[in-house]
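K.L.:
Take this structure first; my questions come after.
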Amino acid sequence: MLRRPGLGVYLLAGWPSEKTYREAVAGMDGLVDFFELGIPSPNPKYDGPFIRRAHREVSAPVWDKPSAPTYLMGYWEDARGRPADLFERAASLGARGVLLPDLLIDFPEELDTYLKLTREYGLAPVFFLPSKFPYALAKRLAASKPDFIYIGLYAATGIELPVYVERNVKILRELAPDVYIVAGFAVDSPAKAAKLVRAGADGIVVGTAFMRRLQKDVREALAFLAEVKKALLDL
Amino acid sequence: MLRRPGLGVYLLAGWPSEKTYREAVAGMDGLVDFFELGIPSPNPKYDGPFIRRAHREVSAPVWDKPSAPTYLMGYWEDARGRPADLFERAASLGARGVLLPDLLIDFPEELDTYLKLTREYGLAPVFFLPSKFPYALAKRLAASKPDFIYIGLYAATGIELPVYVERNVKILRELAPDVYIVAGFAVDSPAKAAKLVRAGADGIVVGTAFMRRLQKDVREALAFLAEVKKALLDL
Amino acid sequence: ESRIGLLTRILPSALIDQEFSAERWITVPEEVRDAYRRVGRPTPLLRAEGLERALGTGVRIYYKYEGVLPVGSHKLNTALAQAYYAKADGAVEVATETGAGQWGMAVSLAAALFGLKAVVFMTRSSYNSKRQRLTFMRTYGATVYPSPSEVTEAGRRHYRPDHPGSLGIAISEAVEYVLSGEKRRYLPGSVLEFVLMHQTVIGLEAVRQLPEEPDAAVACVGGGSNFAGFTYPMIGMKLRGEGFDKTRFVAVEAEAAPKLTKGEYKYDFPDAVGILPMIKMYTLGHDYVPPPVHAAGLRYHGAAPSLSLLRKLGIVEPLSYPQEEVMKAAVLFARTEGIVPAPESAHAIRAVLDLAKKLPRGSVIAFNLSGHGLLDSDAYEKFL
Amino acid sequence: ESRIGLLTRILPSALIDQEFSAERWITVPEEVRDAYRRVGRPTPLLRAEGLERALGTGVRIYYKYEGVLPVGSHKLNTALAQAYYAKADGAVEVATETGAGQWGMAVSLAAALFGLKAVVFMTRSSYNSKRQRLTFMRTYGATVYPSPSEVTEAGRRHYRPDHPGSLGIAISEAVEYVLSGEKRRYLPGSVLEFVLMHQTVIGLEAVRQLPEEPDAAVACVGGGSNFAGFTYPMIGMKLRGEGFDKTRFVAVEAEAAPKLTKGEYKYDFPDAVGILPMIKMYTLGHDYVPPPVHAAGLRYHGAAPSLSLLRKLGIVEPLSYPQEEVMKAAVLFARTEGIVPAPESAHAIRAVLDLAKKLPRGSVIAFNLSGHGLLDSDAYEKFL
């Protein structure tokens, strides 16, 4: 089980450089409760401009898995031809599951395939829902006892919109009372992280805000994570 | 009081000729119950084509009054400049009243003048109403205890239209239960005369149908009146 | 043949009976009630909250809105009744004339709904310039001829390709068309009393819908049918002592055709060429031509006989306004109430603005919005 | 700046929240409800008795009629909501783009009713040919620029007096206009989810008004807002097991823009030039141009994301018809029901005719008549 409240971090495998990436992973040991390990994609469609650019900057991914629970994150669209490869990589890396943000939005008919592959490779199911989702789907996902359901708070990573996100988290909480809920997209401050947990999230994921700092200075990035972690522990 | 049911005839003073007119008047003695004696008019606006032409054909009116009750009939419009002259003529002829078909339609504001002149010259009021009339007006006229109210069944004399005239007579009957009601315009058969009396009229007036015959032959015209009279007496 | 006699050969017979009926109430046939229901009757009675706020005079304003009818105006009320009676006479075809096309559109739809063929003679100038209503008449299945046409004697007498036509010629053509075939009837859109009577469905509904009796009831006057339709039921109640005792009745006409305010009360022809019987009315003369710049409707030279009499007796008060002021009122109404009014109906609105300023706070005005102006963009384009 | 980020600077903020809200029910603000009431909501649900008789298939047909709204179509439902939220953001001006003018007219009226100024960029070819809607936008007080115009950078880039314009350029102009001044908001008329949600007022009313649950619920699809507005409340009930379990949902598009029947399910731009964020939808490509002879509306290249998903999942069945057949159905409807339908709405009618023939006697069909065609006489004139 993931820690409650939990701090999650989105990493893009091998970014911004092999060296910095390895430093960061090492520095987060004991600080970060779980990881989403992004697979560089030619079309990271749910990402904002910053992470989009990052995807293009990765020349050689580094598949170092942190010690904390880790989930591979990619797009079903990219894996579509041979989805088993993705699950196999996750299993071989020791990841706990594969998160596919476009699965239920663009390929809802592939849910059963996903569950089957997950079972076959001994992984745990994890799901991504956008902020607006069918209630029946949320209940169905909850029933499959996933490690977590990730709710994307906005339309794309790193871009805050005037949306009352706590309300959406609360609604998902009511529909999936026993599921670990992760909230992410544009979580850029300790205060915001705390607000989301108060609204019902079990964990939050920091992506763009962490990567912006990481690009400048590993220590600054780790310090930011520590602040967020403190805010969560203080709750 | 006028006889019930009563046969009335419309005469145009001196038409079609002095001689025929005099013969007709003499022949109607004892047959006809009351007369409307028409004054030739330059604009006999409520008359159909036949009587219109007759008005133009009278060169010298003949003012022989029949022995039965007689009412002078003219247009207020023609008398407008000096209305008293008309009433004076009626009085001097021994007529019982003056019938002005356009009074209440075109000059409703002159009703009081009419009543005043009628009183001054010792005449009885008589009124003309079209087939569509204000109920309040009918009641007001009835209250002035006229010799009769004449209901014009159609839009003009001598022209039958697809109108349910008995209904209109019945309505006037209900509004003026004690008043002698005369029905006229296009009464062209004994059967029609009887129908109108059955609907509630006390008397009917024959005009165009009589004059058409009179123009050809006095005896035919009188025979027609006798038939109408018989139909009324048989009721 | 007399003009009156002619009527019996061209009009549905029940309409002639209605014209001369002494009945206070004439029952609407079940089939006509059904047609009314299907086209959207009862029409709504609305409160002009936006206009009231814009005026800020503390006067409450209500309006009956006939524009929800599919042809966009009240004309359909009598067209449906007339088409029904034509069918009852065994007719399979109805004919009429039209200028700008409102009446032609109403007849075309009424004929379609009762399974009759409609033939419309449209003045050629309108035929060329008012393409929208022409198109919709055809959409409803009507045959539309530009008048003067080549299909009648009367048309051929005047026919030239560039003849603008006139309502008089178009009436002659429609009448001739009806007389020259079997099972045809002529449907008149103008001042006959039965036309006014059919329109009283407006006022009868309004009397039930109005939450309070108005201090003034207002409608515009072309020939009088929309005014009569809205107010006669109230005027009747007032004269019979059954209500509306404090209500004034205001008839609003175009300054371009000011028969009630400046006309003469006399016998005149209802049509421009003297085919139909003369009637006693306020008139500017049957050959009256409104100023050519006038685009806001209500161009007719006379007012219906009963309306003329009511005005003569002082029961109805006439007002007239120039086109410019009327269109200004129309625009204010569109912006505050949302409905683009027909320029004709906007005459009533203009009078309402005046009354709302003159009447004490707490007064109530009701008016008839006889149609919308979505097919009258030309009048608005000229004005804006 | 990202396309999504741009939205926060141009759209009323409440609308962005609605776009991403997980709430099943979003309350209509009192002021919007009030505006709905004033413009004539609830709109009527009618039984198509005349059409039923003409078909003689023993199928009962009901339709919800949005044409009674003053602008003649359903577009006003979201325009009023959007204008309200713009005002709530402190805006004093709203801007948008329009092609044929339906959306421009709706925004112009909505702005007038909420006391806002409206600025509309209208494609120059429509500006020159669709004078009626242009005139009515101005009647409502809007400032209308032919696009490309000289008032924005984007316009000046393309400006030539004879440039026909495009919706893409017009959108760029409206967005630039909003960004270049204070207290301005951009109001989108197309496929965004909040637009669809605002339109559900149609279906929510229909659910209450329908005397029986239909075997098929039908509406046409341009971007999807009228279809969604009519059917989503029923689809929601069906998916939640609250009713409408036997109802099929039929989305009818023009064969000239057959995204649901022949398009691809993919990410594409909702606008022709790629200013707005991409969305996942059935699309013909954002640069798709329908055949030039096509005059019957529904020219949009894509279908709203939620509608696309429902179609993908088989909950919504798509159909498409060619213009000629659609206009034939429109004329039949006008002649039997009296209402001249908007050519767009006539697509739904066309599908209803097919369904009425295929379904067993006693079946029930309900469809949305999203507007009248009184401002579309050109489409009828071409067809007749």
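In the structure tokens, each chain is lettered A, B, ... as it comes, each chain's residues begin at 1, and ligands are numbered from 1 in order of appearance.
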Give the helix (DSSP H, G or I) residues of segment 156-344 of chain D, as assigned by DSSP on the backbone, as a count of residues only.

P.N.:
77

K.L.:
Hey, what's within 7 Å of segment 148-161 of chain A if we count only C-alpha atoms and toss same-chain stuff fewer than 4 positions away? As a PyMOL selection string, please?

P.N.:
(chain A and resi 46-48+126-131+165+179-186+208) or (chain D and resi 5+8)

K.L.:
List as a count of residues only the protein and nucleic acid residues near Met122 of chain D, meaning an atom at most 6 Å away when only C-alpha atoms are counted, but skip any in the same chain fewer than 5 places from it.

P.N.:
6

K.L.:
Excluding segment 25-42 of chain B and residues on its chain fewer than 2 positions from it, collect all residues at most 6 Å away from it, counting only C-alpha atoms, and give them as a list in words.

P.N.:
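Listed by chain and then number, they are Gly6, Leu7, Gly8, Val9, Tyr10, Leu11, Leu12, Ala13, Arg22, Glu23, Pro44, His55, Ala68, Pro69, Thr70, Tyr71, Leu72, Met73 and Gly74 of chain B.
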
K.L.:
Taking only C-alpha atoms into account, what are the residues of chain C at most 8 Å from chain D, put as a PyMOL selection string?

P.N.:
chain C and resi 38-39+46+50+68+70-71+109+112-113+131-132+135-136+138-141+331+334-340+374-375+377-378+380-381+384

K.L.:
Keeping C-alpha atoms, export the residues of the selection given above as a CSV table (one decimal), in the first residue's frame.

P.N.:
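Writing done, so here's result15.csv:
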```csv
chain,number,residue,atom,x,y,z
C,38,ARG,CA,-51.5,23.1,-33.9
C,39,VAL,CA,-50.0,26.4,-35.0
C,46,LEU,CA,-45.6,38.4,-21.8
C,50,GLY,CA,-36.7,44.7,-20.0
C,68,VAL,CA,-44.9,32.8,-32.5
C,70,PRO,CA,-45.4,30.0,-38.0
C,71,VAL,CA,-45.9,32.8,-40.5
C,109,LEU,CA,-50.1,28.0,-45.0
C,112,ALA,CA,-51.8,23.7,-47.0
C,113,LEU,CA,-53.1,22.7,-43.6
C,131,ARG,CA,-38.2,37.2,-52.4
C,132,GLN,CA,-38.3,35.7,-49.0
C,135,THR,CA,-40.2,31.6,-51.5
C,136,PHE,CA,-42.1,30.7,-48.3
C,138,ARG,CA,-44.0,28.3,-52.6
C,139,THR,CA,-42.5,26.3,-49.8
C,140,TYR,CA,-46.1,26.0,-48.5
C,141,GLY,CA,-47.1,24.8,-51.9
C,331,VAL,CA,-34.9,49.0,-31.9
C,334,ALA,CA,-35.4,44.5,-29.7
C,335,ARG,CA,-32.6,45.4,-27.4
C,336,THR,CA,-34.6,45.2,-24.2
C,337,GLU,CA,-37.1,42.4,-24.9
C,338,GLY,CA,-35.2,40.4,-27.5
C,339,ILE,CA,-37.9,40.2,-30.1
C,340,VAL,CA,-37.3,42.1,-33.3
C,374,LEU,CA,-37.5,38.7,-39.1
C,375,LEU,CA,-38.8,39.0,-42.7
C,377,SER,CA,-34.8,43.3,-42.4
C,378,ASP,CA,-35.1,45.8,-45.3
C,380,TYR,CA,-34.4,47.9,-40.3
C,381,GLU,CA,-31.5,48.1,-42.7
C,384,LEU,CA,-30.0,51.7,-38.9
```

K.L.:
What are the residues of chain A lining chain D at 7 Å or less? Count only C-alpha atoms, and put the answer as a list in words.

P.N.:
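Filtering chain A at 7 Å from chain D with only C-alpha atoms gives Pro49, Ser131, Lys132, Phe133, Ile159, Leu161, Pro162, Val163, Tyr164, Asn168 and Ile171 of chain A.
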
K.L.:
List every residue of segment 85-211 of chain A that DSSP, applied to the backbone, labels as strand (DSSP E or B), and write the result as a PDB file with all heavy atoms, in the first residue's frame.

P.N.:
```pdb
ATOM      1  N   GLY A  97       3.202  -1.078 -11.784  1.00  0.00           N
ATOM      2  CA  GLY A  97       2.079  -1.015 -12.722  1.00  0.00           C
ATOM      3  C   GLY A  97       2.388  -0.099 -13.875  1.00  0.00           C
ATOM      4  O   GLY A  97       3.450   0.515 -13.922  1.00  0.00           O
ATOM      5  N   VAL A  98       1.435  -0.025 -14.804  1.00  0.00           N
ATOM      6  CA  VAL A  98       1.582   0.838 -15.984  1.00  0.00           C
ATOM      7  C   VAL A  98       0.415   1.809 -16.024  1.00  0.00           C
ATOM      8  O   VAL A  98      -0.746   1.395 -16.038  1.00  0.00           O
ATOM      9  CB  VAL A  98       1.619   0.003 -17.282  1.00  0.00           C
ATOM     10  CG1 VAL A  98       1.703   0.940 -18.487  1.00  0.00           C
ATOM     11  CG2 VAL A  98       2.775  -0.977 -17.259  1.00  0.00           C
ATOM     12  N   LEU A  99       0.734   3.119 -16.030  1.00  0.00           N
ATOM     13  CA  LEU A  99      -0.303   4.144 -16.084  1.00  0.00           C
ATOM     14  C   LEU A  99      -0.387   4.670 -17.511  1.00  0.00           C
ATOM     15  O   LEU A  99       0.610   5.117 -18.068  1.00  0.00           O
ATOM     16  CB  LEU A  99       0.035   5.278 -15.108  1.00  0.00           C
ATOM     17  CG  LEU A  99      -0.978   6.414 -15.014  1.00  0.00           C
ATOM     18  CD1 LEU A  99      -2.332   5.898 -14.498  1.00  0.00           C
ATOM     19  CD2 LEU A  99      -0.467   7.526 -14.100  1.00  0.00           C
ATOM     20  N   VAL A 126      -3.606   0.517 -12.506  1.00  0.00           N
ATOM     21  CA  VAL A 126      -3.703   1.940 -12.091  1.00  0.00           C
ATOM     22  C   VAL A 126      -4.344   2.690 -13.238  1.00  0.00           C
ATOM     23  O   VAL A 126      -4.143   2.352 -14.405  1.00  0.00           O
ATOM     24  CB  VAL A 126      -2.321   2.562 -11.759  1.00  0.00           C
ATOM     25  CG1 VAL A 126      -1.791   1.996 -10.462  1.00  0.00           C
ATOM     26  CG2 VAL A 126      -1.331   2.333 -12.889  1.00  0.00           C
ATOM     27  N   PHE A 127      -5.136   3.676 -12.882  1.00  0.00           N
ATOM     28  CA  PHE A 127      -5.919   4.364 -13.913  1.00  0.00           C
ATOM     29  C   PHE A 127      -5.784   5.869 -13.844  1.00  0.00           C
ATOM     30  O   PHE A 127      -5.573   6.453 -12.783  1.00  0.00           O
ATOM     31  CB  PHE A 127      -7.405   4.006 -13.763  1.00  0.00           C
ATOM     32  CG  PHE A 127      -7.658   2.550 -13.935  1.00  0.00           C
ATOM     33  CD1 PHE A 127      -7.973   1.750 -12.832  1.00  0.00           C
ATOM     34  CD2 PHE A 127      -7.565   1.958 -15.187  1.00  0.00           C
ATOM     35  CE1 PHE A 127      -8.204   0.398 -12.990  1.00  0.00           C
ATOM     36  CE2 PHE A 127      -7.796   0.601 -15.347  1.00  0.00           C
ATOM     37  CZ  PHE A 127      -8.120  -0.188 -14.250  1.00  0.00           C
ATOM     38  N   PHE A 128      -5.975   6.464 -15.009  1.00  0.00           N
ATOM     39  CA  PHE A 128      -5.996   7.929 -15.113  1.00  0.00           C
ATOM     40  C   PHE A 128      -7.399   8.363 -15.511  1.00  0.00           C
ATOM     41  O   PHE A 128      -7.975   7.828 -16.456  1.00  0.00           O
ATOM     42  CB  PHE A 128      -5.002   8.404 -16.170  1.00  0.00           C
ATOM     43  CG  PHE A 128      -5.032   9.890 -16.400  1.00  0.00           C
ATOM     44  CD1 PHE A 128      -4.234  10.745 -15.643  1.00  0.00           C
ATOM     45  CD2 PHE A 128      -5.872  10.446 -17.361  1.00  0.00           C
ATOM     46  CE1 PHE A 128      -4.271  12.115 -15.849  1.00  0.00           C
ATOM     47  CE2 PHE A 128      -5.909  11.813 -17.566  1.00  0.00           C
ATOM     48  CZ  PHE A 128      -5.103  12.653 -16.806  1.00  0.00           C
ATOM     49  N   LEU A 129      -7.937   9.329 -14.793  1.00  0.00           N
ATOM     50  CA  LEU A 129      -9.216   9.938 -15.194  1.00  0.00           C
ATOM     51  C   LEU A 129      -9.020  11.432 -15.362  1.00  0.00           C
ATOM     52  O   LEU A 129      -8.306  12.056 -14.578  1.00  0.00           O
ATOM     53  CB  LEU A 129     -10.290   9.704 -14.120  1.00  0.00           C
ATOM     54  CG  LEU A 129     -10.925   8.322 -14.034  1.00  0.00           C
ATOM     55  CD1 LEU A 129     -11.919   8.290 -12.873  1.00  0.00           C
ATOM     56  CD2 LEU A 129     -11.630   7.966 -15.349  1.00  0.00           C
ATOM     57  N   PRO A 130      -9.650  12.018 -16.353  1.00  0.00           N
ATOM     58  CA  PRO A 130      -9.626  13.478 -16.429  1.00  0.00           C
ATOM     59  C   PRO A 130     -10.564  14.048 -15.376  1.00  0.00           C
ATOM     60  O   PRO A 130     -11.266  13.302 -14.700  1.00  0.00           O
ATOM     61  CB  PRO A 130     -10.154  13.755 -17.840  1.00  0.00           C
ATOM     62  CG  PRO A 130     -11.045  12.592 -18.143  1.00  0.00           C
ATOM     63  CD  PRO A 130     -10.468  11.402 -17.396  1.00  0.00           C
ATOM     64  N   PHE A 148      -4.072   2.761  -7.510  1.00  0.00           N
ATOM     65  CA  PHE A 148      -4.609   4.134  -7.370  1.00  0.00           C
ATOM     66  C   PHE A 148      -5.407   4.528  -8.610  1.00  0.00           C
ATOM     67  O   PHE A 148      -5.306   3.877  -9.652  1.00  0.00           O
ATOM     68  CB  PHE A 148      -3.508   5.159  -7.106  1.00  0.00           C
ATOM     69  CG  PHE A 148      -2.476   5.296  -8.209  1.00  0.00           C
ATOM     70  CD1 PHE A 148      -2.776   6.032  -9.374  1.00  0.00           C
ATOM     71  CD2 PHE A 148      -1.195   4.732  -8.073  1.00  0.00           C
ATOM     72  CE1 PHE A 148      -1.813   6.171 -10.376  1.00  0.00           C
ATOM     73  CE2 PHE A 148      -0.246   4.860  -9.083  1.00  0.00           C
ATOM     74  CZ  PHE A 148      -0.555   5.584 -10.240  1.00  0.00           C
ATOM     75  N   ILE A 149      -6.200   5.567  -8.427  1.00  0.00           N
ATOM     76  CA  ILE A 149      -6.774   6.276  -9.585  1.00  0.00           C
ATOM     77  C   ILE A 149      -6.180   7.671  -9.567  1.00  0.00           C
ATOM     78  O   ILE A 149      -6.205   8.355  -8.534  1.00  0.00           O
ATOM     79  CB  ILE A 149      -8.312   6.367  -9.522  1.00  0.00           C
ATOM     80  CG1 ILE A 149      -8.934   4.956  -9.585  1.00  0.00           C
ATOM     81  CG2 ILE A 149      -8.853   7.236 -10.674  1.00  0.00           C
ATOM     82  CD1 ILE A 149     -10.450   4.946  -9.455  1.00  0.00           C
ATOM     83  N   TYR A 150      -5.635   8.053 -10.653  1.00  0.00           N
ATOM     84  CA  TYR A 150      -5.008   9.364 -10.784  1.00  0.00           C
ATOM     85  C   TYR A 150      -6.018  10.303 -11.431  1.00  0.00           C
ATOM     86  O   TYR A 150      -6.548  10.014 -12.504  1.00  0.00           O
ATOM     87  CB  TYR A 150      -3.776   9.222 -11.681  1.00  0.00           C
ATOM     88  CG  TYR A 150      -2.908  10.461 -11.875  1.00  0.00           C
ATOM     89  CD1 TYR A 150      -1.542  10.418 -11.586  1.00  0.00           C
ATOM     90  CD2 TYR A 150      -3.446  11.650 -12.371  1.00  0.00           C
ATOM     91  CE1 TYR A 150      -0.719  11.523 -11.771  1.00  0.00           C
ATOM     92  CE2 TYR A 150      -2.641  12.753 -12.558  1.00  0.00           C
ATOM     93  CZ  TYR A 150      -1.279  12.707 -12.268  1.00  0.00           C
ATOM     94  OH  TYR A 150      -0.479  13.808 -12.466  1.00  0.00           O
ATOM     95  N   ILE A 151      -6.310  11.389 -10.773  1.00  0.00           N
ATOM     96  CA  ILE A 151      -7.195  12.375 -11.394  1.00  0.00           C
ATOM     97  C   ILE A 151      -6.382  13.557 -11.906  1.00  0.00           C
ATOM     98  O   ILE A 151      -5.646  14.204 -11.139  1.00  0.00           O
ATOM     99  CB  ILE A 151      -8.333  12.820 -10.437  1.00  0.00           C
ATOM    100  CG1 ILE A 151      -9.204  13.897 -11.133  1.00  0.00           C
ATOM    101  CG2 ILE A 151      -7.804  13.330  -9.100  1.00  0.00           C
ATOM    102  CD1 ILE A 151     -10.494  14.211 -10.405  1.00  0.00           C
ATOM    103  N   GLY A 152      -6.451  13.762 -13.235  1.00  0.00           N
ATOM    104  CA  GLY A 152      -5.767  14.900 -13.843  1.00  0.00           C
ATOM    105  C   GLY A 152      -6.607  16.140 -13.619  1.00  0.00           C
ATOM    106  O   GLY A 152      -7.724  16.226 -14.102  1.00  0.00           O
ATOM    107  N   ILE A 181      -6.479   7.796  -4.038  1.00  0.00           N
ATOM    108  CA  ILE A 181      -6.662   8.779  -5.104  1.00  0.00           C
ATOM    109  C   ILE A 181      -5.444   9.678  -5.204  1.00  0.00           C
ATOM    110  O   ILE A 181      -5.003  10.258  -4.200  1.00  0.00           O
ATOM    111  CB  ILE A 181      -7.918   9.626  -4.872  1.00  0.00           C
ATOM    112  CG1 ILE A 181      -9.169   8.749  -5.028  1.00  0.00           C
ATOM    113  CG2 ILE A 181      -7.968  10.821  -5.844  1.00  0.00           C
ATOM    114  CD1 ILE A 181     -10.453   9.457  -4.744  1.00  0.00           C
ATOM    115  N   VAL A 182      -4.914   9.735  -6.396  1.00  0.00           N
ATOM    116  CA  VAL A 182      -3.776  10.612  -6.664  1.00  0.00           C
ATOM    117  C   VAL A 182      -4.280  11.812  -7.461  1.00  0.00           C
ATOM    118  O   VAL A 182      -5.034  11.640  -8.422  1.00  0.00           O
ATOM    119  CB  VAL A 182      -2.704   9.877  -7.498  1.00  0.00           C
ATOM    120  CG1 VAL A 182      -1.607  10.856  -7.938  1.00  0.00           C
ATOM    121  CG2 VAL A 182      -2.110   8.725  -6.704  1.00  0.00           C
ATOM    122  N   ALA A 183      -3.883  13.022  -7.051  1.00  0.00           N
ATOM    123  CA  ALA A 183      -4.255  14.219  -7.800  1.00  0.00           C
ATOM    124  C   ALA A 183      -3.008  14.847  -8.390  1.00  0.00           C
ATOM    125  O   ALA A 183      -1.987  14.956  -7.706  1.00  0.00           O
ATOM    126  CB  ALA A 183      -4.978  15.223  -6.905  1.00  0.00           C
ATOM    127  N   GLY A 184      -3.102  15.228  -9.646  1.00  0.00           N
ATOM    128  CA  GLY A 184      -1.937  15.842 -10.265  1.00  0.00           C
ATOM    129  C   GLY A 184      -2.291  16.774 -11.395  1.00  0.00           C
ATOM    130  O   GLY A 184      -3.468  16.869 -11.780  1.00  0.00           O
ATOM    131  N   GLY A 203      -2.864  11.001  -2.332  1.00  0.00           N
ATOM    132  CA  GLY A 203      -1.519  11.410  -2.691  1.00  0.00           C
ATOM    133  C   GLY A 203      -1.571  12.472  -3.767  1.00  0.00           C
ATOM    134  O   GLY A 203      -2.590  12.637  -4.434  1.00  0.00           O
ATOM    135  N   ILE A 204      -0.474  13.216  -3.896  1.00  0.00           N
ATOM    136  CA  ILE A 204      -0.395  14.184  -4.970  1.00  0.00           C
ATOM    137  C   ILE A 204       0.872  13.916  -5.766  1.00  0.00           C
ATOM    138  O   ILE A 204       1.822  13.327  -5.235  1.00  0.00           O
ATOM    139  CB  ILE A 204      -0.439  15.644  -4.465  1.00  0.00           C
ATOM    140  CG1 ILE A 204       0.719  15.894  -3.490  1.00  0.00           C
ATOM    141  CG2 ILE A 204      -1.777  15.958  -3.792  1.00  0.00           C
ATOM    142  CD1 ILE A 204       1.924  16.469  -4.123  1.00  0.00           C
ATOM    143  N   VAL A 205       0.845  14.327  -7.042  1.00  0.00           N
ATOM    144  CA  VAL A 205       2.035  14.155  -7.874  1.00  0.00           C
ATOM    145  C   VAL A 205       2.523  15.516  -8.329  1.00  0.00           C
ATOM    146  O   VAL A 205       1.736  16.355  -8.764  1.00  0.00           O
ATOM    147  CB  VAL A 205       1.727  13.272  -9.106  1.00  0.00           C
ATOM    148  CG1 VAL A 205       2.881  13.344 -10.103  1.00  0.00           C
ATOM    149  CG2 VAL A 205       1.489  11.832  -8.685  1.00  0.00           C
ATOM    150  N   VAL A 206       3.819  15.724  -8.198  1.00  0.00           N
ATOM    151  CA  VAL A 206       4.438  16.957  -8.661  1.00  0.00           C
ATOM    152  C   VAL A 206       5.226  16.645  -9.925  1.00  0.00           C
ATOM    153  O   VAL A 206       6.007  15.701  -9.961  1.00  0.00           O
ATOM    154  CB  VAL A 206       5.382  17.527  -7.579  1.00  0.00           C
ATOM    155  CG1 VAL A 206       6.056  18.789  -8.081  1.00  0.00           C
ATOM    156  CG2 VAL A 206       4.616  17.774  -6.296  1.00  0.00           C
TER     157      VAL A 206
END
```
